[in-house]
Every structure is written in structure tokens, then in C-alpha cells.
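Structure below is model04.tsv: TSV, C-alpha atoms.
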chain	number	residue	atom	x	y	z
S	71	MET	CA	-17.04	-5.22	-42.59
S	72	ALA	CA	-18.63	-4.59	-45.98
S	73	SER	CA	-18.96	-7.46	-48.43
S	74	TYR	CA	-18.96	-7.28	-52.20
S	75	GLY	CA	-19.91	-9.21	-55.30
S	76	ILE	CA	-19.60	-9.14	-59.08
S	77	SER	CA	-21.71	-10.39	-61.96
S	78	ILE	CA	-20.18	-13.35	-63.79
S	79	LEU	CA	-23.44	-13.87	-65.69
S	80	SER	CA	-24.48	-12.01	-68.82
S	81	ILE	CA	-27.46	-10.29	-67.16
S	82	ILE	CA	-28.73	-10.39	-63.56
S	83	PRO	CA	-32.21	-8.93	-62.92
S	84	GLY	CA	-32.28	-6.33	-60.14
S	85	ARG	CA	-35.68	-6.34	-58.44
S	86	LYS	CA	-37.54	-3.84	-56.30
S	87	GLU	CA	-38.44	-6.47	-53.70
S	88	PRO	CA	-36.94	-9.87	-52.78
S	89	SER	CA	-39.23	-11.92	-55.02
S	90	ASP	CA	-39.10	-13.42	-58.52
S	91	ALA	CA	-42.46	-11.78	-59.16
S	92	ALA	CA	-41.26	-8.32	-58.09
S	93	GLU	CA	-40.75	-5.45	-60.51
S	94	GLN	CA	-37.43	-5.43	-62.33
S	95	VAL	CA	-35.91	-1.99	-61.76
S	96	THR	CA	-32.47	-2.52	-63.32
S	97	GLN	CA	-30.02	-5.15	-64.53
S	98	ILE	CA	-26.43	-5.94	-63.60
S	99	LEU	CA	-24.31	-6.84	-66.62
S	100	PHE	CA	-21.23	-9.05	-66.73
S	101	GLY	CA	-18.26	-7.52	-64.91
S	102	GLU	CA	-20.27	-4.96	-62.95
S	103	HIS	CA	-19.68	-5.12	-59.21
S	104	TYR	CA	-21.64	-4.11	-56.14
S	105	GLU	CA	-21.72	-3.89	-52.37
S	106	VAL	CA	-23.89	-6.32	-50.42
S	107	LYS	CA	-26.18	-4.37	-48.09
S	108	GLU	CA	-28.41	-7.15	-46.74
S	109	THR	CA	-28.54	-10.93	-47.01
S	110	ARG	CA	-31.59	-13.14	-46.67
S	111	LYS	CA	-32.10	-16.86	-47.24
S	112	LYS	CA	-32.72	-16.57	-50.99
S	113	TRP	CA	-32.08	-12.90	-51.78
S	114	ILE	CA	-29.39	-10.24	-51.48
S	115	ARG	CA	-29.92	-6.49	-51.43
S	116	ILE	CA	-27.09	-4.77	-53.25
S	117	LYS	CA	-25.84	-1.28	-54.10
S	118	THR	CA	-24.21	-1.13	-57.53
S	119	ALA	CA	-20.79	0.49	-57.84
S	120	LEU	CA	-21.58	2.13	-61.19
S	121	ASP	CA	-24.57	4.21	-60.12
S	122	LYS	CA	-25.15	3.49	-56.39
S	123	TYR	CA	-28.51	1.92	-57.28
S	124	GLU	CA	-30.08	-0.43	-54.74
S	125	CYS	CA	-32.00	-3.54	-55.70
S	126	TRP	CA	-32.46	-7.22	-54.84
S	127	ILE	CA	-30.79	-10.09	-56.69
S	128	ASP	CA	-31.22	-13.85	-56.42
S	129	LYS	CA	-28.61	-15.21	-54.01
S	130	LYS	CA	-27.81	-18.01	-56.48
S	131	GLN	CA	-26.65	-15.38	-58.98
S	132	HIS	CA	-24.27	-13.69	-56.54
S	133	GLN	CA	-20.51	-14.13	-56.90
S	134	ALA	CA	-18.62	-12.91	-53.84
S	135	ILE	CA	-15.34	-11.01	-54.14
S	136	ASP	CA	-13.07	-9.81	-51.36
S	137	ASP	CA	-12.82	-6.17	-50.32
S	138	LYS	CA	-9.32	-5.71	-51.76
S	139	PHE	CA	-10.44	-6.80	-55.21
S	140	ALA	CA	-13.53	-4.58	-54.92
S	141	GLU	CA	-11.25	-1.64	-54.06
S	142	ARG	CA	-9.17	-2.34	-57.16
S	143	LEU	CA	-12.33	-2.43	-59.26
S	144	ASN	CA	-13.42	0.92	-57.85
S	145	LYS	CA	-10.13	2.49	-58.93
S	146	GLN	CA	-9.84	0.95	-62.38
S	147	LYS	CA	-10.55	2.54	-65.72
S	148	PHE	CA	-13.27	0.11	-66.73
S	149	ILE	CA	-13.22	-1.41	-70.19
S	150	PRO	CA	-16.75	-1.70	-71.52
S	151	VAL	CA	-17.70	-3.91	-74.42
S	152	SER	CA	-18.73	-1.60	-77.24
S	153	LEU	CA	-19.90	-1.76	-80.85
S	154	GLU	CA	-20.84	-5.46	-80.79
S	155	MET	CA	-24.37	-6.45	-79.77
S	156	ALA	CA	-23.21	-9.56	-77.96
S	157	GLY	CA	-20.23	-11.83	-77.57
S	158	TRP	CA	-18.75	-14.27	-75.13
S	159	VAL	CA	-15.97	-14.84	-72.64
S	160	GLN	CA	-14.37	-18.15	-71.81
S	161	GLN	CA	-13.53	-19.29	-68.29
S	162	VAL	CA	-10.07	-20.80	-68.60
S	163	SER	CA	-10.30	-23.24	-65.67
S	164	ASN	CA	-13.19	-25.22	-67.13
S	165	ASN	CA	-13.54	-23.84	-70.69
S	166	ALA	CA	-17.06	-22.64	-69.86
S	167	ILE	CA	-18.51	-20.13	-72.32
S	168	ILE	CA	-20.39	-17.16	-70.83
S	169	PRO	CA	-22.42	-14.92	-73.16
S	170	ILE	CA	-22.02	-11.18	-72.63
S	171	VAL	CA	-23.84	-8.21	-74.10
S	172	LEU	CA	-23.00	-4.69	-75.23
S	173	GLY	CA	-22.10	-2.51	-72.25
S	174	SER	CA	-20.64	-5.30	-70.11
S	175	SER	CA	-17.40	-4.56	-68.24
S	176	LEU	CA	-14.13	-6.46	-68.65
S	177	PRO	CA	-12.02	-5.67	-65.59
S	178	PHE	CA	-8.28	-5.29	-66.15
S	179	LEU	CA	-8.45	-6.61	-69.70
S	180	GLU	CA	-5.03	-7.03	-71.29
S	181	ASN	CA	-4.04	-8.94	-74.41
S	182	GLY	CA	-7.43	-10.61	-74.62
S	183	GLU	CA	-7.43	-11.87	-71.02
S	184	PHE	CA	-8.63	-10.63	-67.66
S	185	LYS	CA	-8.98	-11.98	-64.13
S	186	ILE	CA	-11.79	-11.85	-61.61
S	187	GLU	CA	-9.83	-12.62	-58.47
S	188	LYS	CA	-8.06	-15.93	-59.33
S	189	GLU	CA	-10.28	-16.93	-62.27
S	190	VAL	CA	-8.86	-16.17	-65.71
S	191	TYR	CA	-11.16	-15.27	-68.63
S	192	LYS	CA	-10.43	-14.96	-72.32
S	193	TYR	CA	-12.21	-12.48	-74.56
S	194	GLU	CA	-12.14	-12.01	-78.31
S	195	GLY	CA	-14.06	-9.11	-79.68
S	196	GLN	CA	-14.33	-5.36	-79.87
S	197	HIS	CA	-13.90	-3.19	-76.84
S	198	GLN	CA	-12.96	0.34	-75.96
S	199	LEU	CA	-9.57	0.29	-74.27
S	200	LYS	CA	-9.56	3.92	-73.22
S	201	ALA	CA	-12.29	6.46	-72.69
S	202	GLU	CA	-10.10	9.43	-71.88
S	203	LYS	CA	-11.66	11.64	-74.55
S	204	LYS	CA	-15.36	12.14	-74.06
S	205	ASN	CA	-16.32	11.78	-77.71
S	206	THR	CA	-19.89	12.70	-78.66
S	207	ASP	CA	-19.48	11.07	-82.08
S	208	ALA	CA	-18.70	7.76	-80.38
S	209	LEU	CA	-21.67	8.27	-78.07
S	210	VAL	CA	-24.08	8.77	-80.97
S	211	GLN	CA	-22.58	5.84	-82.89
S	212	GLN	CA	-23.12	3.65	-79.84
S	213	ALA	CA	-26.73	4.78	-79.46
S	214	LEU	CA	-27.50	3.93	-83.08
S	215	VAL	CA	-26.44	0.32	-82.46
S	216	TYR	CA	-29.52	-0.02	-80.23
S	217	LEU	CA	-32.03	1.00	-82.92
S	218	ASN	CA	-35.17	-1.19	-82.80
S	219	THR	CA	-34.21	-2.78	-79.49
S	220	PRO	CA	-37.54	-3.50	-77.74
S	221	TYR	CA	-38.44	-1.42	-74.72
S	222	LEU	CA	-38.06	-3.29	-71.44
S	223	TRP	CA	-38.69	-1.71	-68.04
S	224	GLY	CA	-35.43	-1.93	-66.09
S	225	GLY	CA	-33.55	-3.19	-69.16
S	226	ARG	CA	-29.94	-2.28	-69.92
S	227	HIS	CA	-29.01	-4.51	-72.87
S	228	PRO	CA	-29.49	-4.60	-76.67
S	229	PHE	CA	-32.33	-7.13	-76.49
S	230	GLY	CA	-34.41	-5.07	-74.05
S	231	ILE	CA	-33.77	-1.59	-72.70
S	232	ASP	CA	-35.56	1.37	-71.14
S	233	CYS	CA	-35.03	5.07	-71.84
S	234	SER	CA	-32.65	5.86	-69.00
S	235	GLY	CA	-30.87	2.52	-69.44
S	236	LEU	CA	-30.10	3.46	-73.05
S	237	VAL	CA	-28.63	6.78	-71.96
S	238	GLN	CA	-26.66	5.26	-69.09
S	239	ILE	CA	-25.11	2.45	-71.13
S	240	CYS	CA	-24.20	4.69	-74.08
S	241	TYR	CA	-22.45	7.13	-71.76
S	242	LYS	CA	-20.77	4.25	-69.94
S	243	THR	CA	-19.14	3.10	-73.17
S	244	ILE	CA	-17.37	6.47	-73.51
S	245	GLY	CA	-16.24	6.44	-69.89
S	246	ILE	CA	-18.92	8.55	-68.19
S	247	ASN	CA	-20.96	7.09	-65.33
S	248	LEU	CA	-24.51	8.41	-65.08
S	249	PRO	CA	-27.21	7.58	-62.51
S	250	ARG	CA	-29.79	4.93	-63.37
S	251	ASP	CA	-33.07	6.86	-63.58
S	252	ALA	CA	-34.07	9.75	-65.82
S	253	TYR	CA	-34.91	12.15	-62.99
S	254	GLN	CA	-31.46	11.50	-61.47
S	255	GLN	CA	-29.73	12.08	-64.80
S	256	ALA	CA	-31.65	15.35	-65.20
S	257	ALA	CA	-29.87	16.75	-62.13
S	258	LEU	CA	-26.50	16.61	-63.92
S	259	GLY	CA	-24.84	18.83	-66.51
S	260	SER	CA	-25.62	22.36	-67.63
S	261	SER	CA	-29.01	23.50	-68.89
S	262	LEU	CA	-29.61	24.83	-72.38
S	263	SER	CA	-32.22	27.50	-73.02
S	264	PHE	CA	-33.27	26.48	-76.52
S	265	ILE	CA	-33.34	23.33	-78.63
S	266	GLU	CA	-31.37	25.26	-81.28
S	267	GLU	CA	-28.41	25.40	-78.87
S	268	SER	CA	-28.23	21.63	-78.56
S	269	GLU	CA	-25.56	19.40	-80.05
S	270	PRO	CA	-25.50	15.66	-80.73
S	271	GLY	CA	-25.01	13.81	-77.44
S	272	ASP	CA	-26.95	16.30	-75.32
S	273	LEU	CA	-29.83	14.89	-73.29
S	274	ALA	CA	-33.48	15.92	-73.50
S	275	PHE	CA	-35.78	15.23	-70.56
S	276	PHE	CA	-39.56	15.03	-70.57
S	277	ASP	CA	-42.16	15.31	-67.81
S	278	ASN	CA	-45.73	14.30	-67.08
S	279	GLU	CA	-48.74	16.36	-65.99
S	280	GLU	CA	-47.41	16.45	-62.42
S	281	GLY	CA	-44.07	17.82	-63.58
S	282	LYS	CA	-42.16	14.61	-62.82
S	283	ILE	CA	-39.32	13.66	-65.18
S	284	ILE	CA	-40.42	10.40	-66.79
S	285	HIS	CA	-38.42	10.11	-70.03
S	286	VAL	CA	-35.02	10.88	-71.53
S	287	GLY	CA	-33.37	10.63	-74.93
S	288	ILE	CA	-30.11	11.45	-76.71
S	289	LEU	CA	-30.22	14.34	-79.14
S	290	LEU	CA	-28.95	13.92	-82.68
S	291	LYS	CA	-28.26	16.53	-85.32
S	292	ASP	CA	-30.98	18.39	-87.23
S	293	ASN	CA	-33.54	18.24	-84.40
S	294	TYR	CA	-33.79	14.47	-84.14
S	295	ILE	CA	-33.68	12.35	-80.99
S	296	ILE	CA	-32.97	8.67	-80.32
S	297	HIS	CA	-34.91	7.25	-77.38
S	298	ALA	CA	-36.57	4.08	-76.07
S	299	SER	CA	-40.35	4.23	-76.40
S	300	GLY	CA	-41.91	0.93	-77.44
S	301	ARG	CA	-38.57	0.34	-79.11
S	302	VAL	CA	-35.41	2.36	-79.58
S	303	ARG	CA	-36.38	4.79	-82.31
S	304	ILE	CA	-35.49	8.12	-83.91
S	305	ASP	CA	-38.09	10.88	-83.92
S	306	ARG	CA	-38.29	14.62	-84.54
S	307	ILE	CA	-38.03	16.97	-81.58
S	308	ASP	CA	-38.90	20.65	-81.19
S	309	HIS	CA	-39.54	23.08	-78.33
S	310	GLN	CA	-42.79	21.26	-77.48
S	311	GLY	CA	-41.39	17.75	-77.35
S	312	ILE	CA	-41.08	14.56	-79.39
S	313	TYR	CA	-43.28	14.31	-82.46
S	314	ASN	CA	-44.18	10.75	-83.43
S	315	ASN	CA	-44.95	10.48	-87.15
S	316	GLU	CA	-46.78	7.19	-86.66
S	317	MET	CA	-49.12	8.75	-84.09
S	318	HIS	CA	-49.27	12.11	-85.90
S	319	ASP	CA	-48.96	13.69	-82.48
S	320	TYR	CA	-46.53	14.55	-79.71
S	321	SER	CA	-45.62	11.55	-77.56
S	322	HIS	CA	-43.54	13.34	-74.91
S	323	ARG	CA	-43.50	16.89	-73.53
S	324	LEU	CA	-40.11	18.57	-73.35
S	325	ARG	CA	-39.01	19.76	-69.90
S	326	ILE	CA	-35.30	20.51	-70.11
S	327	ILE	CA	-32.16	19.97	-72.20
S	328	LYS	CA	-28.87	19.18	-70.50
S	329	ARG	CA	-25.28	19.05	-71.72
S	330	ILE	CA	-23.20	16.43	-69.95
S	331	ILE	CA	-20.09	16.61	-72.13
S	332	GLU	CA	-18.66	20.13	-72.11

Please rewrite the model in this file as C-alpha cells.
Amino acid sequence: MASYGISILSIIPGRKEPSDAAEQVTQILFGEHYEVKETRKKWIRIKTALDKYECWIDKKQHQAIDDKFAERLNKQKFIPVSLEMAGWVQQVSNNAIIPIVLGSSLPFLENGEFKIEKEVYKYEGQHQLKAEKKNTDALVQQALVYLNTPYLWGGRHPFGIDCSGLVQICYKTIGINLPRDAYQQAALGSSLSFIEESEPGDLAFFDNEEGKIIHVGILLKDNYIIHASGRVRIDRIDHQGIYNNEMHDYSHRLRIIKRIIE
């Protein structure tokens, strides 16, 4: 029988190998759940429910949930924390305060409270109750909140984020689940032939000399793009790629433009 878990910590590092020194490939934010695929003495290999991404987490950071609760989580309309950079939830049983960051999930939130199995949590802050309308204005507004966030490989939060993490979290906050990595995201949506056809919220993908997709950003109006490169920044974009005014050169070569929200 499958076993499941959920993050009740603000951020759990997801690593490529079962070691503290291993590469961080992603992060699991508060309220995000996962399936346990393998258990070792100190480490657990998991597959995240949001994007089916596999990684290793420290066993001490794992919170088990039963399969019935996991099934309910899979069916729910998740409620992501949006607009605020960070906040907190309070565990009612012991009054413990747990910090949470933008993009965290609050399962079954109602009237400022939610439950993870039998544990009750209180939350005061901004959140998006419904994401029924896939609003590109809300998507762009969310992306702008991350401006100047430092680049962090595998990061998914407003104090450290990578390019595909920025795209994934911003889309999550308007109710759209995207894969974790840029090359996976590039397989979705419909292709646009020219940059002039693009609209705010469309995604631009960039490749390397071998033709591998290595970067992604969210298009803005007037041929600008917001993306994570050193930090989350806004640059000009044209048919060649991203032009960095500080470098006086192109930093990324455009491969394809995709529209996710039709």
C-alpha cells in the first residue's frame, strides 16, 4: 500500500541524492503533499503531488498522512498563499508558530482555519480562495512580487528561487499546476510564431548550444520579460532572446514561446 506525507514546515529541501551535501533540485513548501516511494534510515524518496517530481527529503522533516487524507488533498481546490511574501500559521494544540512563504498551500481553509488530519491550524493573511478564472493580470502581478529575489538553484520561495520555480509558483497561485523544470514546461501549451503575437503571461523558453531548454521566463507587455537570472529581474526581449542592459549583450537565446492560458 502506498504511503503519503505532507510538509508542515515552511520549506523542505528536495535533494537529488540521499545526502545533506547533495544537490538541491526543488523545495516542498508548507501544505504540499507527496507520495513516499522509498524509505531509508535517514532519508525518504518522494514524488510530489503537484508536479510528480521525485527527490529525497530528510526523514526528520517528513510528516506522514493516511491514504484517505491524501486522496482528499488530491481532489481539493488548493488554496495557495498569494500576494504576501511570508506569513505564519499557528498550530492550535500547542500554539506553535510556523512561518510560511508565498506559494504555500492551505488545505481546506475556511474562516481562517484548516486541518491537516486531526491537527487544527489558524491562518491570518491574504490568500486566493478560488482560482477558477485563469487571470493573466493576477499572474503578472504575482510575478512582480518576486522582483529582486536572489537566484537559488532548486528554489521555490521569495527569498531564493530559480527560473522554472518562479514560473511554477506564479502559475500555481492562479490555479494552474505546471511541471518543475523548464524543459518539461516547454512541452505544454500552444506555440507562437512571433514575439509580436505574445501576451502578458505567455512563457518564453531559451536553449543552449546543444539545443537543450535551460531557461524560462514570463512575458510582460511591450516586449519585456520577468525571469530569474542572478536575481528576479525585468529585461527586454526580442526575436533573438533576452537583452541585458547591464551586460550590453544578449544573456539568453530564444527558442520558443508558449501560451498556457488560452

**Asked** At what distance in Å, to one decimal, does CA of Gln160 in chain S lie from CA of Tyr193 in chain S?
**Response**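 Computed distance, CA of Tyr193 in chain S to CA of Gln160 in chain S, equals 6.7 Å.
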
**Fill in**
Students should find that CA of Ser175 in chain S and CA of Lys117 in chain S are spaced 16.8 Å

**Request:** Find the residue from S:Val215, S:Asp207, S:Trp223, S:Ile284 that sits nearest to Glu269 in chain S; use only C-alpha atoms when measuring.
**Result:** S:Asp207

**Request:** Give the answer as one residue: which of S:Gly173, S:Gly195, S:Pro88, S:Gly224 has the shortest atom-to-atom distance to Arg110 in chain S, using all atoms listed in the file?
**Result:**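 Nearest candidate to Arg110 in chain S out of S:Gly173, S:Gly195, S:Pro88, S:Gly224: S:Pro88.
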
**Residue with smallest distance to Cys233 in chain S - pool S:Ile186, S:Leu176, S:Ile295, S:Met317, counting all atoms listed in the file** = S:Ile295

**Request:** Would you mind reading off the distance between CA of Ser174 in chain S and CA of Gly101 in chain S, one decimal, in Å?
**Result:**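 Atom-to-atom, CA of Ser174 in chain S and CA of Gly101 in chain S are spaced 6.1 Å apart.
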
**Message:** If we count only C-alpha atoms and set the cut-off at 8 Å, which residues sit around Val159 in chain S, ignoring sequence neighbours fewer than 4 positions away in its own chain? Please answer as a list in words.
**Reply:** Ile167, Ile168, Pro169, Ile170, Tyr191, Lys192, Tyr193 and Glu194 of chain S

**Request:** Point out the residue among S:Arg142, S:His227, S:Lys130, S:Lys111 with the least atom-to-atom distance to Val302 in chain S, counting all atoms listed in the file.
**Result:** S:His227

**Prompt:** Which residue gives the smallest distance to Leu289 in chain S among S:Gly182, S:Pro270, S:Gly157, S:Gly235, with all atoms listed in the file counted?
**Reply:** S:Pro270

**Request:** Choose the residue, out of S:Ser73, S:Ser80, S:Gln211, S:Gln255, that has the smallest atom-to-atom separation from Gln97 in chain S; count all atoms listed in the file.
**Result:** S:Ser80

**Message:** List as a VMD selection string the residues having at least one atom at most 7 Å from position (-22.7, -5.0, -52.3) as given in the file, counting only C-alpha atoms.
**Reply:** chain S and resid 73 to 75 104 to 107 116 to 118

**Asked** Residues at most 7 Å from Ala274 in chain S, counting all atoms listed in the file, excluding those fewer than 2 positions away in the same chain, as JSON, numbers by chain?
**Response** {"S": [272, 276, 286, 287, 288, 289, 326, 327, 328]}

**Request:** Skip range 305-314 of chain S itself and residues of its chain fewer than 3 positions away, then list as number ranges by chain all residues within 10 Å of it, counting all atoms listed in the file.
**Result:** S: 264-266, 274-277, 287, 289-290, 292-297, 302, 317-326
